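Listing of entry.csv, CSV, C-alpha atoms and all ligand atoms
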chain,number,residue,atom,x,y,z
Q,785,MET,CA,-8.3,-16.9,8.2
Q,786,LYS,CA,-4.7,-16.4,7.1
Q,787,SER,CA,-2.8,-13.6,8.8
Q,788,ILE,CA,-0.9,-11.0,6.9
Q,789,ILE,CA,2.3,-12.7,8.0
Q,790,ASP,CA,1.2,-16.1,6.6
Q,791,ILE,CA,0.2,-14.3,3.3
Q,792,VAL,CA,3.5,-12.6,2.7
Q,793,LYS,CA,5.6,-15.6,3.7
Q,794,PRO,CA,5.3,-17.6,0.4
Q,795,GLU,CA,6.2,-14.5,-1.6
Q,796,ILE,CA,9.3,-13.9,0.6
Q,797,GLN,CA,10.2,-17.6,0.1
Q,798,LEU,CA,10.4,-17.0,-3.7
Q,799,VAL,CA,13.3,-14.5,-3.2
Q,800,GLU,CA,16.5,-15.9,-4.6
Q,801,ASP,CA,18.9,-14.3,-2.2
Q,802,ARG,CA,18.9,-16.3,1.1
Q,803,GLU,CA,20.1,-13.4,3.2
Q,804,LEU,CA,17.4,-11.1,1.9
Q,805,ARG,CA,14.8,-13.8,2.5
Q,806,ASP,CA,15.9,-14.3,6.1
Q,807,VAL,CA,15.9,-10.5,6.7
Q,808,LEU,CA,12.3,-10.1,5.4
Q,809,LEU,CA,11.0,-13.1,7.3
Q,810,MET,CA,12.6,-11.7,10.5
Q,811,ALA,CA,11.2,-8.2,9.9
Q,812,TYR,CA,7.6,-9.6,9.7
Q,813,LYS,CA,8.2,-11.8,12.7
Q,814,ASP,CA,9.5,-8.8,14.7
Q,815,SER,CA,6.5,-6.8,13.6
Q,816,GLU,CA,3.9,-9.2,14.9
Q,817,ALA,CA,2.4,-6.7,17.4
Q,818,SER,CA,1.9,-4.0,14.7
Q,819,ILE,CA,0.4,-6.6,12.3
Q,820,ASP,CA,-2.0,-7.5,15.1
Q,821,VAL,CA,-3.0,-3.8,15.4
Q,822,ILE,CA,-3.6,-3.5,11.6
Q,823,GLN,CA,-5.6,-6.7,11.4
Q,824,SER,CA,-7.8,-5.9,14.4
Q,825,CYS,CA,-8.5,-2.4,12.9
Q,826,LEU,CA,-9.4,-3.9,9.5
Q,827,VAL,CA,-11.7,-6.4,11.1
Q,828,LYS,CA,-13.4,-3.8,13.2
Q,829,VAL,CA,-13.9,-1.4,10.3
Q,830,THR,CA,-15.3,-4.1,8.0
Q,831,SER,CA,-17.6,-5.8,10.5
Q,832,GLN,CA,-20.2,-3.1,11.0
Q,833,GLU,CA,-22.3,-0.5,9.3
Q,834,TRP,CA,-20.9,3.0,9.9
Q,835,PRO,CA,-22.6,6.4,9.6
Q,836,GLU,CA,-21.8,8.1,6.3
Q,837,TYR,CA,-19.5,10.6,8.0
Q,838,ALA,CA,-17.3,7.8,9.3
Q,839,MET,CA,-17.4,5.9,6.0
Q,840,CYS,CA,-16.3,9.1,4.2
Q,841,LYS,CA,-13.3,9.4,6.6
Q,842,PHE,CA,-12.3,5.8,5.9
Q,843,PHE,CA,-12.3,6.0,2.2
Q,844,LYS,CA,-10.8,9.5,2.0
Q,845,ASN,CA,-7.8,8.4,4.0
Q,846,TRP,CA,-7.4,4.7,3.4
Q,847,ARG,CA,-5.9,4.8,-0.1
Q,848,ASN,CA,-5.3,7.2,-3.0
Q,849,PRO,CA,-4.3,5.1,-6.0
Q,850,ALA,CA,-3.7,8.0,-8.5
Q,851,VAL,CA,-1.4,9.9,-6.1
Q,852,GLY,CA,0.4,6.6,-5.2
Q,853,ALA,CA,0.9,5.6,-8.8
Q,854,GLY,CA,2.2,9.1,-9.7
Q,855,SER,CA,4.9,8.8,-7.1
Q,856,PHE,CA,6.1,5.4,-8.5
Q,857,CYS,CA,6.2,7.1,-12.0
Q,858,ALA,CA,8.3,9.9,-10.4
Q,859,LEU,CA,10.7,7.2,-9.1
Q,860,THR,CA,11.0,5.8,-12.6
Q,861,CYS,CA,11.7,9.3,-14.0
Q,862,ARG,CA,14.4,9.9,-11.4
Q,863,LEU,CA,16.1,6.6,-12.4
Q,864,LEU,CA,15.9,7.4,-16.1
Q,865,GLU,CA,17.3,10.9,-15.5
Q,866,GLU,CA,20.2,9.4,-13.5
Q,867,ALA,CA,20.9,6.8,-16.3
Q,868,SER,CA,21.0,9.5,-18.9
Q,869,VAL,CA,24.2,11.1,-17.4
Q,870,TYR,CA,26.3,7.9,-17.9
Q,871,SER,CA,28.0,7.2,-21.2
Q,872,LEU,CA,25.7,5.5,-23.8
Q,873,GLY,CA,25.8,1.7,-23.6
Q,874,SER,CA,28.0,1.6,-20.4
Q,875,VAL,CA,27.3,-1.2,-17.9
Q,876,THR,CA,26.2,1.4,-15.3
Q,877,GLN,CA,23.7,3.0,-17.7
Q,878,SER,CA,22.3,-0.5,-18.7
Q,879,ASP,CA,21.9,-1.4,-15.0
Q,880,LEU,CA,20.1,1.9,-14.3
Q,881,PHE,CA,17.8,1.5,-17.3
Q,882,PHE,CA,17.0,-2.1,-16.2
Q,883,SER,CA,16.3,-0.8,-12.7
Q,884,ALA,CA,14.0,1.9,-14.1
Q,885,ALA,CA,12.2,-0.6,-16.3
Q,886,ARG,CA,11.5,-2.8,-13.2
Q,887,ILE,CA,10.1,0.1,-11.2
Q,888,ALA,CA,7.9,1.2,-14.1
Q,889,GLU,CA,6.2,-2.2,-14.0
Q,890,VAL,CA,5.0,-1.4,-10.5
Q,891,SER,CA,2.5,1.3,-11.8
Q,892,ASN,CA,1.3,-0.6,-14.9
Q,893,GLU,CA,-2.0,-1.7,-13.4
Q,894,ASP,CA,-2.6,1.5,-11.4
Q,895,MET,CA,-2.3,3.6,-14.5
Q,896,GLY,CA,-4.6,1.4,-16.5
Q,897,LEU,CA,-2.1,-0.1,-18.9
Q,898,LEU,CA,-3.5,-3.6,-18.4
Q,899,GLY,CA,-7.1,-2.9,-17.5
Q,900,PRO,CA,-9.2,-0.4,-15.7
Q,901,ASN,CA,-7.4,2.5,-14.0
Q,902,HIS,CA,-7.2,1.8,-10.3
Q,903,GLY,CA,-8.1,5.4,-9.4
Q,904,GLU,CA,-11.5,4.9,-11.1
Q,905,LEU,CA,-12.0,1.5,-9.5
Q,906,TYR,CA,-11.3,3.1,-6.1
Q,907,GLU,CA,-13.9,5.8,-6.8
Q,908,GLY,CA,-16.5,3.1,-7.6
Q,909,LEU,CA,-15.7,1.2,-4.5
Q,910,ALA,CA,-15.7,4.2,-2.1
Q,911,THR,CA,-18.8,5.8,-3.7
Q,912,ALA,CA,-20.8,2.5,-3.4
Q,913,PHE,CA,-19.9,2.0,0.3
Q,914,CYS,CA,-20.4,5.7,1.3
Q,915,GLY,CA,-23.7,6.0,-0.7
Q,916,THR,CA,-22.5,9.3,-2.4
Q,917,ASP,CA,-19.2,10.7,-3.6
Q,918,ALA,CA,-19.1,13.1,-0.6
Q,919,TRP,CA,-16.0,11.1,0.7
Q,920,LYS,CA,-13.9,13.1,-1.8
Q,921,LEU,CA,-14.4,16.3,0.2
Q,922,GLN,CA,-11.4,17.9,1.8
Q,923,ARG,CA,-13.3,18.1,5.2
Q,924,TYR,CA,-12.8,14.3,5.6
Q,925,ASN,CA,-9.0,14.6,5.1
Q,926,LEU,CA,-7.1,13.6,8.2
Q,927,PRO,CA,-3.4,14.6,7.8
Q,928,GLN,CA,-2.4,12.9,11.0
Q,929,VAL,CA,-3.7,9.6,9.7
Q,930,THR,CA,-1.9,9.8,6.3
Q,931,GLU,CA,1.2,11.6,7.7
Q,932,TYR,CA,3.5,8.5,7.6
Q,933,LEU,CA,2.5,7.3,4.1
Q,934,THR,CA,2.6,10.9,2.7
Q,935,GLY,CA,6.2,11.1,4.0
Q,936,VAL,CA,7.0,7.8,2.2
Q,937,ARG,CA,5.5,9.0,-1.0
Q,938,GLU,CA,7.3,12.4,-0.9
Q,939,TYR,CA,10.6,10.6,-0.2
Q,940,ARG,CA,10.0,8.5,-3.3
Q,941,GLU,CA,9.4,11.6,-5.3
Q,942,ARG,CA,12.2,13.9,-4.0
Q,943,GLY,CA,14.1,12.2,-1.2
Q,944,GLN,CA,17.9,12.5,-1.4
Q,945,TYR,CA,19.0,8.8,-1.2
Q,946,MET,CA,17.8,6.6,-4.0
Q,947,ILE,CA,18.5,3.4,-2.2
Q,948,HIS,CA,16.4,4.6,0.7
Q,949,ALA,CA,13.6,5.5,-1.7
Q,950,LEU,CA,13.8,2.0,-3.3
Q,951,MET,CA,13.8,0.3,0.1
Q,952,ILE,CA,10.7,2.0,1.4
Q,953,SER,CA,8.9,1.3,-1.8
Q,954,LEU,CA,9.9,-2.4,-1.7
Q,955,ALA,CA,8.5,-2.5,1.9
Q,956,GLU,CA,5.3,-0.9,0.6
Q,957,GLU,CA,4.7,-3.4,-2.2
Q,958,LEU,CA,5.3,-6.5,0.0
Q,959,TYR,CA,3.0,-5.1,2.7
Q,960,ASN,CA,0.3,-4.2,0.0
Q,961,HIS,CA,0.2,-7.9,-1.1
Q,962,GLY,CA,-0.5,-8.9,2.5
Q,963,GLU,CA,-3.1,-6.2,3.2
Q,964,PHE,CA,-5.1,-6.7,0.0
Q,965,THR,CA,-5.2,-10.5,0.3
Q,966,TYR,CA,-6.2,-10.2,4.0
Q,967,ILE,CA,-9.1,-7.7,3.3
Q,968,ALA,CA,-10.6,-9.4,0.2
Q,969,PRO,CA,-12.8,-11.8,2.3
Q,970,LEU,CA,-13.5,-9.0,4.8
Q,971,PHE,CA,-14.7,-6.6,2.2
Q,972,LYS,CA,-16.9,-9.3,0.6
Q,973,LYS,CA,-18.6,-9.8,4.0
Q,974,TRP,CA,-18.8,-6.0,4.6
Q,975,TYR,CA,-20.6,-5.5,1.3
Q,976,GLY,CA,-23.5,-7.6,2.7
Q,977,VAL,CA,-23.3,-5.9,6.2
Q,978,VAL,CA,-23.8,-2.4,4.6
Q,979,GLY,CA,-26.7,-3.8,2.6
Q,980,LEU,CA,-25.5,-3.2,-1.0
Q,981,ASN,CA,-27.0,-4.8,-4.1
Q,982,ASP,CA,-25.6,-8.3,-4.5
Q,983,GLU,CA,-25.6,-8.3,-8.3
Q,984,LYS,CA,-23.0,-5.5,-8.4
Q,985,ARG,CA,-20.7,-7.0,-5.8
Q,986,ASN,CA,-17.9,-8.2,-8.0
Q,987,GLN,CA,-17.9,-5.0,-10.0
Q,988,VAL,CA,-17.8,-2.8,-6.8
Q,989,LEU,CA,-15.1,-4.9,-5.2
Q,990,ARG,CA,-13.0,-5.0,-8.3
Q,991,PHE,CA,-10.5,-2.5,-6.8
Q,992,VAL,CA,-9.7,-5.0,-4.1
Q,993,TYR,CA,-9.7,-8.1,-6.3
Q,994,GLU,CA,-7.4,-6.5,-8.8
Q,995,HIS,CA,-4.7,-6.3,-6.1
Q,996,VAL,CA,-5.0,-10.0,-5.1
Q,997,GLY,CA,-3.0,-12.8,-6.7
Q,998,GLY,CA,0.0,-11.9,-8.7
Q,999,THR,CA,-0.4,-8.1,-8.8
Q,1000,GLU,CA,1.2,-6.8,-5.6
Q,1001,SER,CA,3.5,-9.8,-5.2
Q,1002,GLY,CA,4.7,-9.1,-8.8
Q,1003,HIS,CA,5.3,-5.5,-7.8
Q,1004,PHE,CA,7.4,-6.7,-4.8
Q,1005,ALA,CA,9.4,-9.0,-7.2
Q,1006,ASN,CA,10.0,-6.0,-9.5
Q,1007,MET,CA,11.0,-3.7,-6.6
Q,1008,THR,CA,13.5,-6.4,-5.5
Q,1009,GLN,CA,15.1,-6.5,-9.0
Q,1010,GLY,CA,15.0,-2.7,-9.3
Q,1011,LEU,CA,16.9,-2.3,-6.0
Q,1012,ILE,CA,19.5,-5.1,-6.8
Q,1013,HIS,CA,20.2,-3.5,-10.2
Q,1014,TYR,CA,20.5,0.0,-8.8
Q,1015,CYS,CA,23.0,-1.2,-6.3
Q,1016,ARG,CA,24.9,-3.1,-9.0
Q,1017,ALA,CA,25.0,0.0,-11.2
Q,1018,HIS,CA,26.9,1.8,-8.4
Q,1019,GLY,CA,29.0,-1.2,-7.4
Q,1020,VAL,CA,27.6,-1.4,-3.9
Q,1021,GLU,CA,26.3,-4.4,-2.0
Q,1022,PRO,CA,22.7,-4.0,-0.9
Q,1023,ASP,CA,22.5,-3.6,2.9
Q,1024,TRP,CA,19.8,-6.1,3.7
Q,1025,GLU,CA,19.8,-5.3,7.4
Q,1026,GLU,CA,18.8,-1.8,6.5
Q,1027,LEU,CA,16.1,-3.1,4.3
Q,1028,GLY,CA,14.8,-5.2,7.2
Q,1029,GLN,CA,14.6,-2.0,9.3
Q,1030,ARG,CA,12.7,-0.2,6.6
Q,1031,ASN,CA,10.1,-3.0,6.5
Q,1032,ARG,CA,9.7,-2.8,10.3
Q,1033,GLU,CA,9.3,0.9,10.2
Q,1034,TYR,CA,6.8,0.7,7.3
Q,1035,ILE,CA,4.6,-1.8,9.2
Q,1036,ASP,CA,4.8,0.3,12.4
Q,1037,GLY,CA,3.8,3.4,10.4
Q,1038,VAL,CA,0.8,1.7,8.8
Q,1039,ALA,CA,-0.3,0.3,12.2
Q,1040,ALA,CA,-0.2,3.8,13.8
Q,1041,SER,CA,-2.2,5.2,10.8
Q,1042,PHE,CA,-4.9,2.5,11.1
Q,1043,ASP,CA,-5.1,2.9,14.9
Q,1044,GLN,CA,-5.6,6.7,14.5
Q,1045,LEU,CA,-8.1,6.2,11.6
Q,1046,LEU,CA,-10.3,3.9,13.7
Q,1047,ILE,CA,-10.3,6.4,16.6
Q,1048,GLU,CA,-11.4,9.1,14.2
Q,1049,MET,CA,-14.2,6.9,12.8
Q,1050,GLU,CA,-15.4,5.9,16.2
Q,1051,SER,CA,-15.4,9.4,17.6
Q,1052,SER,CA,-17.2,10.7,14.5
Q,1053,SER,CA,-19.9,8.0,14.8
Q,1054,GLU,CA,-20.4,9.0,18.5
Q,1055,ARG,CA,-20.8,12.7,17.4
Q,1056,TYR,CA,-23.2,11.6,14.6
Q,1057,GLU,CA,-25.4,9.6,17.1
Q,1058,VAL,CA,-25.5,12.6,19.5
Q,1059,ALA,CA,-26.4,14.9,16.6
Q,1060,GLY,CA,-29.1,12.4,15.4
Q,1061,LEU,CA,-30.6,12.1,18.9
Q,1062,ALA,CA,-30.7,15.9,19.3
Q,1063,MET,CA,-32.6,16.4,16.0
Q,1101,FE,FE,-3.3,-0.4,-7.6
Q,1102,FE,FE,1.7,-2.2,-5.9
If you took the structure in this file and wrote it as structure tokens, what would it be?
Amino acid sequence: MKSIIDIVKPEIQLVEDRELRDVLLMAYKDSEASIDVIQSCLVKVTSQEWPEYAMCKFFKNWRNPAVGAGSFCALTCRLLEEASVYSLGSVTQSDLFFSAARIAEVSNEDMGLLGPNHGELYEGLATAFCGTDAWKLQRYNLPQVTEYLTGVREYRERGQYMIHALMISLAEELYNHGEFTYIAPLFKKWYGVVGLNDEKRNQVLRFVYEHVGGTESGHFANMTQGLIHYCRAHGVEPDWEELGQRNREYIDGVAASFDQLLIEMESSSERYEVAGLAM
């Protein structure tokens, strides 16, 4: 099975700028330990049948496509607003509009412009695996698990430095390509482990399949262009070393989240078993 590093490598190789390519390859190489943590958590989660309580914790805290997509739309709005203050038709304004257009592309699929809305697909996936829609309840919310990604999202929406907001978003899209491609076969197997109806498998797993192939890698390419044009608009050279650091931080943040989520799932399943025996 291909590791997340092997999955993202060919996408990084497509980047035109040699320095940017090297920095991203190095960032993933340096993050090997955190990638191992992420992969082992994903394998553990998807290789067994969990009590409903633990499944609800996983799906409540793993992803939130509607909120994520909203934050990318917010980033587009911020760029458009910034462009509007420059004189009409100026080079700066054109570059900012171009940057905004590239970032807008990142939420096309999530918002349902090209097919089913990803929020709805996630609901279908989570409800099938949990057995009910109870996973939506606030009681399964684990702020300590989602803390890092919530911070990233909030920075995208309101953070002071636009280049920083663009860099953390680029890191997110590259990582997403790796994670979704890595979990696709794992979820396919997990579907059988939890004993779901085979005929509906492709329909239930569509949320995962929609992110494999060109989707997330396309978002990464758009983020790269968006960042380059934003820097060009302001006459600054992109600091690729800084971008490498943002990628390392992102991977470490996700690893810490998965580690915490698995602990929560395991402890809740222990409590569940004790409660079950006591009944
Ligand atoms: Fe999506
Ligand atoms: Fe994406």
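Closest approach to ligand FE 1101 (chain Q) among Q:Thr999, Q:Ser824, Q:Gln928, Q:Ser855 is made by Q:Thr999 (distances from only C-alpha atoms and all ligand atoms).
Distance check against Ala811 of chain Q using only C-alpha atoms: of Q:Val988, Q:Val792, Q:Met895, Q:Val1020, the minimum falls on Q:Val792.
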Surroundings of ligand FE 1101 (chain Q) up to 8 Å, based on all atoms listed in the file, as a PDB file with C-alpha atoms, in the frame of the given file:
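Everything below was put into pocket14.pdb:
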ATOM      1  CA  PRO Q 849      -4.300   5.100  -6.000  1.00  0.00           C
ATOM      2  CA  ALA Q 853       0.900   5.600  -8.800  1.00  0.00           C
ATOM      3  CA  SER Q 891       2.500   1.300 -11.800  1.00  0.00           C
ATOM      4  CA  GLU Q 893      -2.000  -1.700 -13.400  1.00  0.00           C
ATOM      5  CA  ASP Q 894      -2.600   1.500 -11.400  1.00  0.00           C
ATOM      6  CA  HIS Q 902      -7.200   1.800 -10.300  1.00  0.00           C
ATOM      7  CA  GLY Q 903      -8.100   5.400  -9.400  1.00  0.00           C
ATOM      8  CA  PHE Q 991     -10.500  -2.500  -6.800  1.00  0.00           C
ATOM      9  CA  GLU Q 994      -7.400  -6.500  -8.800  1.00  0.00           C
ATOM     10  CA  HIS Q 995      -4.700  -6.300  -6.100  1.00  0.00           C
TER      11      HIS Q 995
END
Within 9 Å of segment 936-944 of chain Q, which residues of segment 819-870 of chain Q come that close, and what is the closest atom pair and distance in Å for each? Count all atoms listed in the file and give it as a Markdown table.
| residue | atom | partner | partner_atom | distance |
| --- | --- | --- | --- | --- |
| Q:Val851 | CA | Q:Arg937 | CA | 8.6 |
| Q:Gly852 | CA | Q:Arg937 | CA | 7.0 |
| Q:Gly854 | CA | Q:Glu941 | CA | 8.8 |
| Q:Ser855 | CA | Q:Glu941 | CA | 5.6 |
| Q:Phe856 | CA | Q:Arg940 | CA | 7.2 |
| Q:Cys857 | CA | Q:Glu941 | CA | 8.7 |
| Q:Ala858 | CA | Q:Glu941 | CA | 5.5 |
| Q:Leu859 | CA | Q:Glu941 | CA | 6.0 |
| Q:Arg862 | CA | Q:Glu941 | CA | 8.1 |
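Remark: for ligand FE 1102 (chain Q), the closest of the candidate residues Q:Ile887, Q:Ile1035, Q:Leu864, Q:Ile791 is Q:Ile887 (distances computed over all atoms listed in the file).
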